[in-house]
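Structure file protein-v1.txt (compact mmCIF, C-alpha atoms) follows.
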# COMPACT_ATOMS: atom_id res chain seq x y z
CA MET A 160 -6.11 22.89 41.18
CA ASP A 161 -5.41 25.91 39.00
CA GLN A 162 -8.04 28.02 37.29
CA LYS A 163 -7.37 26.67 33.80
CA GLU A 164 -7.88 23.09 34.94
CA VAL A 165 -11.12 23.97 36.73
CA VAL A 166 -12.55 25.81 33.72
CA SER A 167 -12.03 22.78 31.52
CA LEU A 168 -13.98 20.50 33.85
CA SER A 169 -17.67 19.82 33.18
CA ASP A 170 -20.32 20.48 35.82
CA GLU A 171 -20.89 16.73 36.12
CA LYS A 172 -17.21 16.18 36.82
CA LEU A 173 -17.25 18.86 39.50
CA ILE A 174 -20.28 17.18 41.10
CA GLU A 175 -18.41 13.89 41.16
CA MET A 176 -15.40 15.59 42.73
CA THR A 177 -17.61 17.33 45.31
CA LEU A 178 -19.14 14.03 46.36
CA SER A 179 -15.69 12.68 47.10
CA ASP A 180 -14.35 15.87 48.67
CA GLN A 181 -16.57 18.63 50.06
CA GLU A 182 -13.94 21.31 49.34
CA ASN A 183 -14.46 20.89 45.60
CA PHE A 184 -17.91 22.38 45.97
CA LEU A 185 -16.15 25.77 45.95
CA TYR A 186 -15.47 25.36 42.24
CA LEU A 187 -19.14 24.79 41.43
CA MET A 188 -20.20 27.73 43.56
CA ASN A 189 -17.63 30.04 42.00
CA ARG A 190 -18.83 29.01 38.58
CA TYR A 191 -22.48 29.76 39.28
CA GLU A 192 -22.53 32.48 41.91
CA LYS A 193 -22.68 35.53 39.63
CA ARG A 194 -25.16 34.01 37.22
CA LEU A 195 -27.56 32.87 39.88
CA LEU A 196 -27.30 36.14 41.78
CA SER A 197 -28.12 38.08 38.58
CA TYR A 198 -31.06 35.76 37.96
CA ILE A 199 -32.38 36.36 41.48
CA HIS A 200 -32.14 40.11 40.90
CA ARG A 201 -33.77 39.97 37.51
CA ILE A 202 -36.92 38.23 38.68
CA SER A 203 -37.25 40.04 41.99
CA ASN A 204 -36.32 43.24 43.73
CA ILE A 205 -34.76 41.78 46.79
CA PRO A 206 -32.06 43.79 48.62
CA PHE A 207 -28.56 42.57 48.01
CA GLU A 208 -28.10 40.94 51.43
CA GLU A 209 -31.36 39.09 51.08
CA ALA A 210 -30.39 37.92 47.59
CA GLU A 211 -27.18 36.51 49.00
CA ASP A 212 -29.13 34.75 51.74
CA ILE A 213 -31.33 33.17 49.09
CA LEU A 214 -28.29 32.18 47.09
CA GLN A 215 -26.74 30.59 50.15
CA GLU A 216 -29.91 28.54 50.64
CA VAL A 217 -29.78 27.59 46.98
CA PHE A 218 -26.22 26.32 47.22
CA ILE A 219 -26.97 24.40 50.41
CA LYS A 220 -29.94 22.76 48.71
CA ILE A 221 -27.84 21.95 45.68
CA TYR A 222 -25.20 20.39 47.93
CA ARG A 223 -27.75 18.39 49.90
CA ASN A 224 -29.39 17.04 46.74
CA LEU A 225 -26.30 16.32 44.66
CA ASN A 226 -27.00 12.58 44.66
CA GLY A 227 -30.47 13.30 43.27
CA PHE A 228 -29.20 15.27 40.30
CA ASP A 229 -30.63 13.79 37.11
CA LYS A 230 -27.80 13.46 34.64
CA ASN A 231 -30.25 13.78 31.76
CA LEU A 232 -30.66 17.42 32.74
CA LYS A 233 -28.13 20.18 32.36
CA PHE A 234 -26.72 21.07 35.73
CA SER A 235 -27.35 24.75 34.99
CA SER A 236 -31.07 24.04 34.39
CA TRP A 237 -31.24 22.19 37.70
CA ALA A 238 -29.43 25.00 39.55
CA TYR A 239 -31.74 27.61 38.01
CA ARG A 240 -34.75 25.49 38.96
CA ILE A 241 -33.69 25.38 42.60
CA THR A 242 -33.01 29.13 42.51
CA HIS A 243 -36.42 29.85 40.96
CA ASN A 244 -38.15 27.74 43.63
CA GLU A 245 -36.23 29.44 46.41
CA VAL A 246 -37.16 32.93 45.16
CA ILE A 247 -40.84 31.97 44.91
CA SER A 248 -40.69 30.40 48.35
CA ASN A 249 -39.14 33.59 49.70
CA PHE A 250 -41.97 35.63 48.15
CA ARG A 251 -44.53 33.45 49.84
CA LYS A 252 -42.86 33.76 53.22
CA SER A 253 -42.26 37.49 53.14
CA LYS A 254 -45.34 38.32 51.02
CA ALA A 255 -43.11 40.92 49.42
CA ARG A 256 -43.56 41.83 45.83
CA PRO A 257 -41.09 43.79 43.75
CA GLN A 258 -42.09 47.32 42.94
CA SER A 259 -39.39 47.95 40.44
CA ILE A 260 -36.19 46.20 39.59
CA ASP A 261 -32.83 47.73 39.03
CA TRP A 262 -32.03 45.96 35.75
CA ASP A 263 -28.59 45.80 34.35
CA PHE A 264 -28.00 44.44 30.89
CA ASP A 265 -25.56 45.26 28.17
CA ASP A 266 -26.23 46.30 24.56
CA ASN A 267 -26.18 42.69 23.35
CA ILE A 268 -28.94 41.74 25.69
CA LEU A 269 -30.75 44.97 24.78
CA ASN A 270 -30.65 44.01 21.10
CA ASN A 271 -31.79 40.50 21.96
CA ILE A 272 -34.76 41.82 23.89
CA SER A 273 -35.67 44.34 21.18
CA SER A 274 -35.65 41.82 18.37
CA GLY A 275 -37.25 39.05 20.46
CA LEU A 276 -40.06 41.26 21.71
CA ASP A 277 -40.60 43.03 18.38
CA ILE A 278 -39.65 46.49 19.55
CA SER A 279 -38.47 49.14 17.22
CA GLN A 280 -34.81 49.98 17.73
CA GLN A 281 -35.02 53.32 16.01
CA VAL A 282 -34.37 55.13 19.26
CA ASP A 283 -31.20 55.51 21.24
CA ASN A 284 -30.17 52.68 23.52
CA GLN A 285 -30.56 54.68 26.70
CA TYR A 286 -34.18 55.50 25.90
CA LEU A 287 -34.82 51.96 24.74
CA ARG A 288 -33.29 50.50 27.90
CA LYS A 289 -35.40 52.77 30.14
CA ASN A 290 -38.66 51.86 28.39
CA ILE A 291 -37.87 48.16 28.35
CA ILE A 292 -37.07 48.22 32.06
CA GLU A 293 -40.29 50.07 32.85
CA ALA A 294 -42.32 47.61 30.80
CA LEU A 295 -40.61 44.60 32.40
CA ASN A 296 -41.16 45.96 35.89
CA LYS A 297 -44.90 46.19 35.34
CA ILE A 298 -45.59 42.61 34.30
CA ASP A 299 -46.36 39.72 36.64
CA ILE A 300 -43.44 37.61 37.84
CA LYS A 301 -44.67 34.48 36.00
CA TYR A 302 -44.35 36.38 32.68
CA ARG A 303 -41.24 38.28 33.63
CA GLU A 304 -39.32 35.12 34.55
CA VAL A 305 -39.93 33.47 31.15
CA LEU A 306 -38.87 36.66 29.36
CA VAL A 307 -35.76 36.83 31.52
CA LEU A 308 -34.92 33.19 30.85
CA LYS A 309 -35.56 33.47 27.11
CA TYR A 310 -34.22 36.88 26.14
CA ILE A 311 -31.75 37.79 28.87
CA GLU A 312 -30.43 34.43 30.03
CA GLY A 313 -30.70 33.08 26.48
CA ARG A 314 -32.32 29.75 27.43
CA ASP A 315 -34.10 27.59 24.90
CA TYR A 316 -37.60 26.13 25.38
CA LYS A 317 -36.36 22.80 26.69
CA GLU A 318 -34.15 24.45 29.29
CA ILE A 319 -36.95 26.77 30.39
CA SER A 320 -39.25 23.72 30.58
CA ASP A 321 -36.70 21.96 32.82
CA ILE A 322 -36.18 25.05 35.00
CA LEU A 323 -39.84 25.86 35.53
CA LYS A 324 -40.99 22.20 35.43
CA LYS A 325 -43.66 22.94 32.88
CA PRO A 326 -44.33 21.28 29.51
CA SER A 327 -42.68 22.95 26.51
CA GLY A 328 -46.08 23.78 25.07
CA THR A 329 -46.99 25.64 28.24
CA VAL A 330 -43.67 27.49 28.12
CA GLY A 331 -44.43 28.57 24.56
CA THR A 332 -47.87 29.82 25.60
CA LEU A 333 -46.41 31.67 28.57
CA ILE A 334 -43.79 33.36 26.40
CA ASN A 335 -46.43 34.46 23.88
CA ARG A 336 -48.62 35.87 26.64
CA ALA A 337 -45.59 37.49 28.29
CA LYS A 338 -44.66 39.15 25.00
CA LYS A 339 -48.17 40.52 24.58
CA LYS A 340 -48.20 41.88 28.14
CA PHE A 341 -44.79 43.39 27.64
CA GLN A 342 -45.77 45.03 24.34
CA GLU A 343 -48.94 46.46 25.90
CA ASN A 344 -46.90 48.02 28.72
CA TYR A 345 -44.21 49.16 26.33
CA ARG A 346 -46.71 50.96 24.11
CA LYS A 347 -48.27 52.68 27.11
CA ASN A 348 -44.85 54.05 28.03
CA MET B 96 -18.92 40.29 48.99
CA ASP B 97 -16.20 38.87 46.78
CA THR B 98 -17.14 35.65 44.97
CA LYS B 99 -14.49 33.61 46.70
CA ASP B 100 -15.49 35.01 50.08
CA PHE B 101 -19.13 34.22 49.50
CA SER B 102 -18.42 30.65 48.37
CA LYS B 103 -16.12 30.16 51.33
CA LYS B 104 -18.81 31.46 53.67
CA VAL B 105 -21.32 28.96 52.24
CA LEU B 106 -18.85 26.09 52.55
CA ASP B 107 -18.11 27.07 56.15
CA THR B 108 -21.85 27.01 56.88
CA ILE B 109 -22.10 23.54 55.33
CA LYS B 110 -19.23 22.32 57.50
CA LYS B 111 -20.46 24.02 60.65
CA GLU B 112 -23.96 22.63 60.33
CA LYS B 113 -22.57 19.23 59.25
CA ILE B 114 -24.71 19.23 56.16
CA LYS B 115 -24.25 16.13 54.05
CA PRO B 116 -25.58 15.13 50.65
CA LYS B 117 -28.65 12.94 50.97
CA PRO B 118 -27.91 9.34 50.05
CA ARG B 119 -28.81 8.18 46.56
CA TRP B 120 -31.18 5.50 47.81
CA GLU B 121 -33.48 8.21 49.22
CA PHE B 122 -33.98 9.65 45.76
CA LEU B 123 -34.39 6.22 44.16
CA LEU B 124 -36.93 5.24 46.82
CA LYS B 125 -38.94 8.40 46.21
CA ASP B 126 -38.86 7.85 42.44
CA TYR B 127 -40.02 4.23 42.75
CA PHE B 128 -42.67 5.14 45.32
CA VAL B 129 -44.20 7.74 43.02
CA TRP B 130 -44.26 5.28 40.12
CA VAL B 131 -45.80 2.59 42.31
CA LEU B 132 -48.51 5.05 43.36
CA PHE B 133 -49.13 5.92 39.72
CA VAL B 134 -49.42 2.26 38.71
CA LEU B 135 -51.64 1.56 41.71
CA SER B 136 -53.92 4.46 40.76
CA VAL B 137 -54.21 3.16 37.21
CA PHE B 138 -54.81 -0.37 38.56
CA ILE B 139 -57.66 0.74 40.80
CA GLY B 140 -59.01 2.89 37.98
CA SER B 141 -58.96 -0.24 35.79
CA ILE B 142 -60.85 -2.19 38.41
CA SER B 143 -63.45 0.57 38.47
CA VAL B 144 -63.74 0.39 34.68
CA SER B 145 -64.14 -3.39 34.76
CA VAL B 146 -66.90 -3.24 37.37
CA LEU B 147 -68.53 -0.35 35.50
CA ILE B 148 -68.66 -2.53 32.39
CA PHE B 149 -70.02 -5.41 34.46
CA VAL B 150 -72.74 -3.34 36.16
CA ILE B 151 -73.75 -1.47 33.00
CA LYS B 152 -73.87 -4.65 30.92
CA TYR B 153 -75.70 -6.50 33.63
CA GLU B 154 -78.30 -3.87 34.19
CA LYS B 155 -78.58 -3.10 30.50
CA LEU B 156 -78.76 0.63 30.89
CA PHE B 157 -80.94 2.72 28.63
CA ARG B 158 -83.48 -0.01 28.06
CA PHE B 159 -85.78 1.24 30.71
CA GLY B 160 -88.78 3.16 29.56
CA PRO B 161 -91.28 4.55 29.44
CA GLU B 162 -92.29 7.71 31.34
CA ASN B 163 -89.01 9.12 32.55
CA PRO B 164 -86.17 7.86 30.41
CA ILE B 165 -83.71 10.54 31.53
CA LYS B 166 -84.54 9.93 35.17
CA ASN B 167 -84.09 6.20 34.64
CA ILE B 168 -80.74 6.67 32.97
CA LEU B 169 -79.46 9.04 35.64
CA SER B 170 -80.63 6.80 38.45
CA THR B 171 -79.08 3.65 37.03
CA ILE B 172 -75.57 4.99 36.25
CA PRO B 173 -73.23 3.19 38.66
CA TYR B 174 -72.01 6.40 40.34
CA PHE B 175 -69.99 4.60 42.97
CA TRP B 176 -67.66 3.10 40.38
CA LEU B 177 -67.73 6.17 38.19
CA LEU B 178 -66.60 8.39 41.08
CA THR B 179 -63.97 5.83 42.07
CA LEU B 180 -62.67 5.87 38.51
CA LEU B 181 -62.54 9.68 38.39
CA LEU B 182 -60.82 9.86 41.77
CA PHE B 183 -58.10 7.42 40.77
CA LEU B 184 -57.64 9.01 37.37
CA PHE B 185 -56.95 12.24 39.21
CA LEU B 186 -54.53 10.50 41.60
CA ALA B 187 -52.79 8.85 38.65
CA TYR B 188 -52.36 12.28 37.08
CA LEU B 189 -50.94 13.78 40.31
CA ASN B 190 -48.49 10.92 40.78
CA PHE B 191 -47.35 11.01 37.18
CA LYS B 192 -46.67 14.74 37.41
CA HIS B 193 -44.41 14.03 40.38
CA THR B 194 -42.21 11.61 38.49
CA LYS B 195 -38.84 12.90 37.29
CA THR B 196 -39.98 13.80 33.80
CA GLY B 197 -43.73 13.94 34.34
CA TYR B 198 -43.76 17.74 34.13
CA ARG B 199 -42.86 17.55 30.44
CA TYR B 200 -46.28 16.17 29.50
CA ASN B 201 -49.35 18.35 29.39
CA ILE B 202 -52.41 17.59 31.49
CA LEU B 203 -54.48 16.31 28.55
CA LYS B 204 -51.85 13.77 27.48
CA VAL B 205 -51.49 12.47 31.03
CA PHE B 206 -55.26 12.08 31.46
CA ILE B 207 -55.57 10.35 28.11
CA LEU B 208 -52.74 7.99 29.07
CA SER B 209 -54.45 7.17 32.37
CA ILE B 210 -57.91 6.76 30.82
CA VAL B 211 -56.67 4.58 27.97
CA SER B 212 -54.63 2.41 30.38
CA SER B 213 -57.64 2.04 32.68
CA LEU B 214 -59.91 1.16 29.75
CA ILE B 215 -57.54 -1.44 28.37
CA PHE B 216 -56.80 -3.13 31.68
CA GLY B 217 -60.38 -2.71 32.84
CA SER B 218 -61.63 -4.50 29.74
CA LEU B 219 -59.14 -7.31 30.33
CA PHE B 220 -60.22 -7.65 33.96
CA TYR B 221 -63.84 -7.82 32.82
CA TYR B 222 -63.03 -10.38 30.13
CA PHE B 223 -61.34 -12.65 32.67
CA GLY B 224 -64.27 -12.39 35.08
CA ILE B 225 -62.41 -10.45 37.76
CA SER B 226 -65.02 -7.68 37.87
CA GLU B 227 -67.78 -9.96 39.12
CA LYS B 228 -65.60 -11.14 42.03
CA ILE B 229 -64.66 -7.56 42.88
CA GLU B 230 -68.24 -6.40 42.74
CA LYS B 231 -69.31 -9.25 45.00
CA GLY B 232 -66.42 -8.54 47.38
CA ALA B 233 -67.31 -4.85 47.50
CA TYR B 234 -70.94 -5.72 48.20
CA ASN B 235 -70.01 -8.07 51.04
CA ARG B 236 -67.33 -5.91 52.63
CA LEU B 237 -68.17 -2.29 52.03
CA SER B 238 -71.32 -1.24 53.85
CA LEU B 239 -71.46 2.01 51.87
CA TYR B 240 -71.44 0.11 48.59
CA LYS B 241 -73.98 -2.41 49.89
CA ASN B 242 -76.33 0.42 50.83
CA VAL B 243 -75.94 2.00 47.41
CA MET B 244 -76.59 -1.26 45.57
CA ASP B 245 -79.49 -2.23 47.79
CA GLY B 246 -80.98 1.18 47.12
CA ARG B 247 -80.65 0.55 43.42
CA GLY B 248 -82.21 -2.85 43.92
CA LYS B 249 -85.18 -1.32 45.66
CA MET B 250 -85.55 1.06 42.74
CA MET B 251 -85.42 -1.88 40.38
CA PHE B 252 -87.91 -3.86 42.39
CA SER B 253 -90.56 -1.25 42.77
CA PRO B 254 -93.77 -2.51 41.24
CA GLU B 255 -95.55 0.65 42.32
CA ASP B 256 -93.19 2.60 40.07
CA GLY B 257 -93.53 0.11 37.24
CA TYR B 258 -90.41 -2.01 37.80
CA LEU B 259 -90.50 -5.62 38.82
CA GLY B 260 -87.52 -7.91 39.18
CA GLY B 261 -87.47 -11.59 39.87
CA VAL B 262 -87.36 -15.15 38.64
CA VAL B 263 -89.74 -16.59 36.06
CA VAL B 264 -91.45 -19.53 37.72
CA LYS B 265 -94.21 -20.23 35.20
CA ILE B 266 -94.69 -19.49 31.51
CA GLU B 267 -98.06 -19.45 29.76
CA GLU B 268 -99.11 -18.04 26.44
CA THR B 269 -100.14 -14.58 27.51
CA ASN B 270 -99.07 -14.70 31.11
CA ILE B 271 -96.06 -15.57 33.21
CA GLU B 272 -95.51 -15.83 36.91
CA VAL B 273 -92.58 -14.02 38.39
CA LYS B 274 -91.32 -14.55 41.88
CA SER B 275 -89.92 -11.18 42.94
CA PHE B 276 -86.82 -10.93 45.10
CA ASP B 277 -88.90 -10.36 48.20
CA GLY B 278 -90.56 -13.73 47.66
CA LYS B 279 -93.93 -12.60 46.34
CA ILE B 280 -95.43 -14.30 43.27
CA TRP B 281 -96.67 -11.92 40.61
CA SER B 282 -98.90 -12.70 37.71
CA VAL B 283 -97.52 -10.77 34.76
CA ASN B 284 -99.82 -10.09 31.87
CA LEU B 285 -98.08 -10.10 28.50
CA GLU B 286 -100.88 -8.88 26.28
CA LYS B 287 -99.32 -5.46 25.79
CA LEU B 288 -95.89 -6.86 25.23
CA ASP B 289 -94.20 -7.56 21.93
CA ILE B 290 -94.88 -11.33 21.99
CA GLU B 291 -91.52 -12.16 20.39
CA SER B 292 -89.78 -11.03 23.51
CA VAL B 293 -91.30 -13.94 25.47
CA SER B 294 -88.86 -16.28 23.80
CA GLU B 295 -85.88 -14.26 25.03
CA PHE B 296 -86.15 -15.66 28.51
CA GLU B 297 -86.84 -19.06 29.95
CA LEU B 298 -88.11 -20.73 33.04
CA TYR B 299 -86.12 -19.88 36.13
CA SER B 300 -84.28 -17.05 34.44
CA ARG B 301 -84.05 -13.69 36.15
CA VAL B 302 -85.87 -10.90 34.44
CA LYS B 303 -86.66 -7.25 34.80
CA VAL B 304 -90.22 -6.37 33.93
CA VAL B 305 -91.21 -2.83 33.01
CA GLY B 306 -94.85 -1.90 33.01
CA SER B 307 -97.48 -1.12 35.58
CA LYS B 308 -99.00 -2.67 38.65
CA ILE B 309 -102.63 -3.55 38.04
CA ASP B 310 -103.55 -5.21 41.28
CA GLU B 311 -101.98 -6.42 44.49
CA ASP B 312 -100.16 -9.24 42.72
CA VAL B 313 -100.86 -8.49 39.08
CA PHE B 314 -98.51 -6.69 36.78
CA GLU B 315 -98.93 -5.64 33.17
CA ALA B 316 -95.70 -5.80 31.21
CA SER B 317 -94.60 -3.47 28.42
CA GLN B 318 -91.03 -4.82 28.39
CA ILE B 319 -89.32 -7.91 29.70
CA ILE B 320 -85.55 -7.82 29.83
CA PRO B 321 -83.52 -10.88 30.69
CA TRP B 322 -81.30 -9.87 33.59
CA ALA B 323 -78.25 -11.76 32.53
CA LYS B 324 -77.12 -14.99 31.03
CA LYS B 325 -78.17 -18.04 33.00
CA GLY B 326 -75.83 -18.60 35.90
CA GLN B 327 -74.72 -14.97 36.17
CA ARG B 328 -75.71 -13.01 39.22
CA PRO B 329 -77.08 -9.50 39.06
CA PRO B 330 -75.07 -6.85 40.88
CA GLY B 331 -76.05 -6.58 44.52
CA GLN B 332 -78.06 -9.80 44.42
CA HIS B 333 -76.19 -12.94 45.29
CA LEU B 334 -78.85 -15.63 45.19
CA ASN B 335 -78.10 -19.20 44.45
CA TYR B 336 -79.60 -20.09 41.09
CA LEU B 337 -79.94 -23.73 42.06
CA ASP B 338 -81.96 -22.88 45.18
CA GLU B 339 -84.61 -21.32 43.00
CA ARG B 340 -85.06 -24.50 40.98
CA ASN B 341 -85.17 -26.72 44.02
CA ASN B 342 -87.72 -24.61 45.82
CA HIS B 343 -90.33 -24.66 43.09
CA LYS B 344 -92.37 -27.37 41.51
CA MET B 345 -91.41 -27.40 37.91
CA ARG B 346 -94.33 -26.87 35.63
CA ILE B 347 -93.79 -25.78 32.12
CA ILE B 348 -96.85 -24.72 30.17
CA ARG B 349 -96.60 -23.69 26.59
Would you mind writing the structure in this file as structure tokens?
Amino acid sequence: MDQKEVVSLSDEKLIEMTLSDQENFLYLMNRYEKRLLSYIHRISNIPFEEAEDILQEVFIKIYRNLNGFDKNLKFSSWAYRITHNEVISNFRKSKARPQSIDWDFDDNILNNISSGLDISQQVDNQYLRKNIIEALNKIDIKYREVLVLKYIEGRDYKEISDILKKPSGTVGTLINRAKKKFQENYRKN
Amino acid sequence: MDTKDFSKKVLDTIKKEKIKPKPRWEFLLKDYFVWVLFVLSVFIGSISVSVLIFVIKYEKLFRFGPENPIKNILSTIPYFWLLTLLLFLFLAYLNFKHTKTGYRYNILKVFILSIVSSLIFGSLFYYFGISEKIEKGAYNRLSLYKNVMDGRGKMMFSPEDGYLGGVVVKIEETNIEVKSFDGKIWSVNLEKLDIESVSEFELYSRVKVVGSKIDEDVFEASQIIPWAKKGQRPPGQHLNYLDERNNHKMRIIR
């Protein structure tokens, strides 16, 4: 199948195709590999090889549980949920905690973060990026992951609720607390 | 590693380890199982509510006086059924949270749903008389419950502490005779009682008498509370009403 055809297919269609032919799982993986790898990096500071190991486990879990995928969810939310759980599980096994994360986001994301987290943009982007990164690195993972999902991944409350398996109200509360923590750290910098 | 290489590597691992998607029925079974557990938890919670209503109504809580009202209230709350209710409310909550969309509801809403369901069904079970059968069954089959209820009974029937329980076997103007559940006949003086309350019970009805022990078999009543409607059995006590009538010479004095 050529690239144009694959791009036009929905995630649900690719799942259906995978269930009839294992080889079609390549298309799903190609579609989500970069995104999920970035997500793993953004909520943790795992070395690249370890991140790939986690991602491999994620894809294997996705494959194993394809028949359990709830069609009322977005596939991306489900995939992010499995990734989130795998990262947390990895933390518990290795008892490792990130010291600082090597963030990479473009100016669009930078603007999104600045406006979403009520930060003045009257400084140059390089300075802004550095301070944002330092502030993000200092907050707890449970706050960092909601900020990442909301302002970097651009997820809405319902998607974040589906990813983290928490009520929307709780997500809202977490985001508010995360913003406060972030702003405290940002001001200290 | 290039995207295509990585994906290929994962697919090769899947093939090498012969990993297959789990069958759909496994997921359906898990979903149904969790819902069944939730419904079962609510059902048992409802049973607890129905028996709570039965026991509380039967024992007419909060009517005991006079010296230690708080102590009386605390000692007559049916803790066994209350704890059972709380346990199964908690289990209902846990099971609900494990359903597919259970995570979308906050803890308060889930508890309220469970409590309201238990109250509604519990009230229905009570209305249809199921609670009495369950209470009797629990008394006969669960030694723990039997011990708890017998302990409560002993508290009830403690003339030394001012509580007497039994069957009215004789009624006179200022005095009645009560046969307590251990078979002893007590003469109960009614002079300090609100005389209108005498008409609330009748010969051979079960009563609870609150007051004080005057002598070995003499009791002075400050309150007399009918135990239940005629024919109903008090919790923990499964005596045959008809036996009481047959075993006594009937003598009604007014």
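Rounded to one decimal, CA of Phe216 (chain B) and CA of Asp126 (chain B) lie 23.6 Å from each other.
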Enumerate as a PyMOL selection string the residues belonging to chain A that approach chain B to within 6 Å, with only C-alpha atoms taken into account. chain A and resi 185+188+222-224+226-227+324-326
Identify the residues around (-29.8, 22.1, 42.2) within a radius of 7 Å, measuring from all atoms listed in the file in the coordinates stated by the file, and give them as a VMD selection string. chain A and resid 220 to 221 224 237 to 238 240 to 241
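Across the model, the gap from CA of Ile298 (chain A) to CA of Phe341 (chain A) is 6.8 Å.
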Region 304-316 of chain B environment, 6 Å, all atoms listed in the file, sequence neighbours closer than 4 positions dropped, as a list of chain:residue names: B:Pro254, B:Gly257, B:Tyr258, B:Leu259, B:Trp281, B:Ser282, B:Val283, B:Asn284, B:Leu285
Identify, on the basis of only C-alpha atoms, every residue whose closest approach to region 180-185 of chain B does not exceed 7 Å; exclude the query and any residue fewer than 4 positions from it along the same chain; express the result as a ChimeraX atom specification. /B:136-137,139-140,143-144,176,189,209-210
With 3 Å added on each side, what axis-aligned box encloses every listed atom of region 308-321 of chain A? Give the centre and edge lengths in Å to one decimal, as AutoDock Vina command-line options.
--center_x -34.8 --center_y 29.9 --center_z 28.9 --size_x 14.8 --size_y 21.8 --size_z 13.9
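One distance worth recording is that between CA of Ser141 (chain B) and CA of Arg236 (chain B), which is 19.6 Å.
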Show me, as a short mmCIF file (atom, residue, chain, number, x, y, z; two decimals) with C-alpha atoms, in the coordinates of the input, the residues that have an atom within 8 Å of Phe220 (chain B) when counting all atoms listed in the file, minus same-chain residues fewer than 4 positions from it.
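selection-v9.cif written:
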data_model
loop_
_atom_site.label_atom_id
_atom_site.label_comp_id
_atom_site.auth_asym_id
_atom_site.auth_seq_id
_atom_site.Cartn_x
_atom_site.Cartn_y
_atom_site.Cartn_z
CA SER B 141 -58.96 -0.24 35.79
CA ILE B 142 -60.85 -2.19 38.41
CA SER B 145 -64.14 -3.39 34.76
CA PHE B 216 -56.80 -3.13 31.68
CA GLY B 224 -64.27 -12.39 35.08
CA ILE B 225 -62.41 -10.45 37.76
CA SER B 226 -65.02 -7.68 37.87
#
Identify, on the basis of all atoms listed in the file, every residue whose closest approach to Glu208 (chain A) does not exceed 12 Å; exclude the query and any residue fewer than 5 positions from it along the same chain; express the result as an MDAnalysis selection string. (chainID A and resid 196 199:200 213:215) or (chainID B and resid 96 101)
Using only C-alpha atoms, please write the residues we just selected to a file, as an mmCIF file, keeping the file's coordinate frame.
data_model
loop_
_atom_site.group_PDB
_atom_site.id
_atom_site.type_symbol
_atom_site.label_atom_id
_atom_site.label_comp_id
_atom_site.auth_asym_id
_atom_site.auth_seq_id
_atom_site.Cartn_x
_atom_site.Cartn_y
_atom_site.Cartn_z
ATOM 1 C CA LEU A 196 -27.300 36.140 41.780
ATOM 2 C CA ILE A 199 -32.380 36.360 41.480
ATOM 3 C CA HIS A 200 -32.140 40.110 40.900
ATOM 4 C CA ILE A 213 -31.330 33.170 49.090
ATOM 5 C CA LEU A 214 -28.290 32.180 47.090
ATOM 6 C CA GLN A 215 -26.740 30.590 50.150
ATOM 7 C CA MET B 96 -18.920 40.290 48.990
ATOM 8 C CA PHE B 101 -19.130 34.220 49.500
#
Spatial neighbours of Asp170 (chain A), 12 Å, only C-alpha atoms, chain gap at least 6 places, as JSON, numbers by chain: {"A": [176, 177, 183, 184, 186, 187, 188, 189, 190, 191, 225, 228, 230, 232, 233, 234, 235, 236, 237, 238]}
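Considering only C-alpha atoms, the residue among A:Ile247, A:Ile202, A:Ala210, A:Ile334 positioned nearest to Gly275 (chain A) is A:Ile334.
Shortest separation to Asp277 (chain A) among A:Lys339, A:Lys289, A:Arg201, A:Arg194 occurs at residue A:Lys339, atoms counted being only C-alpha atoms.
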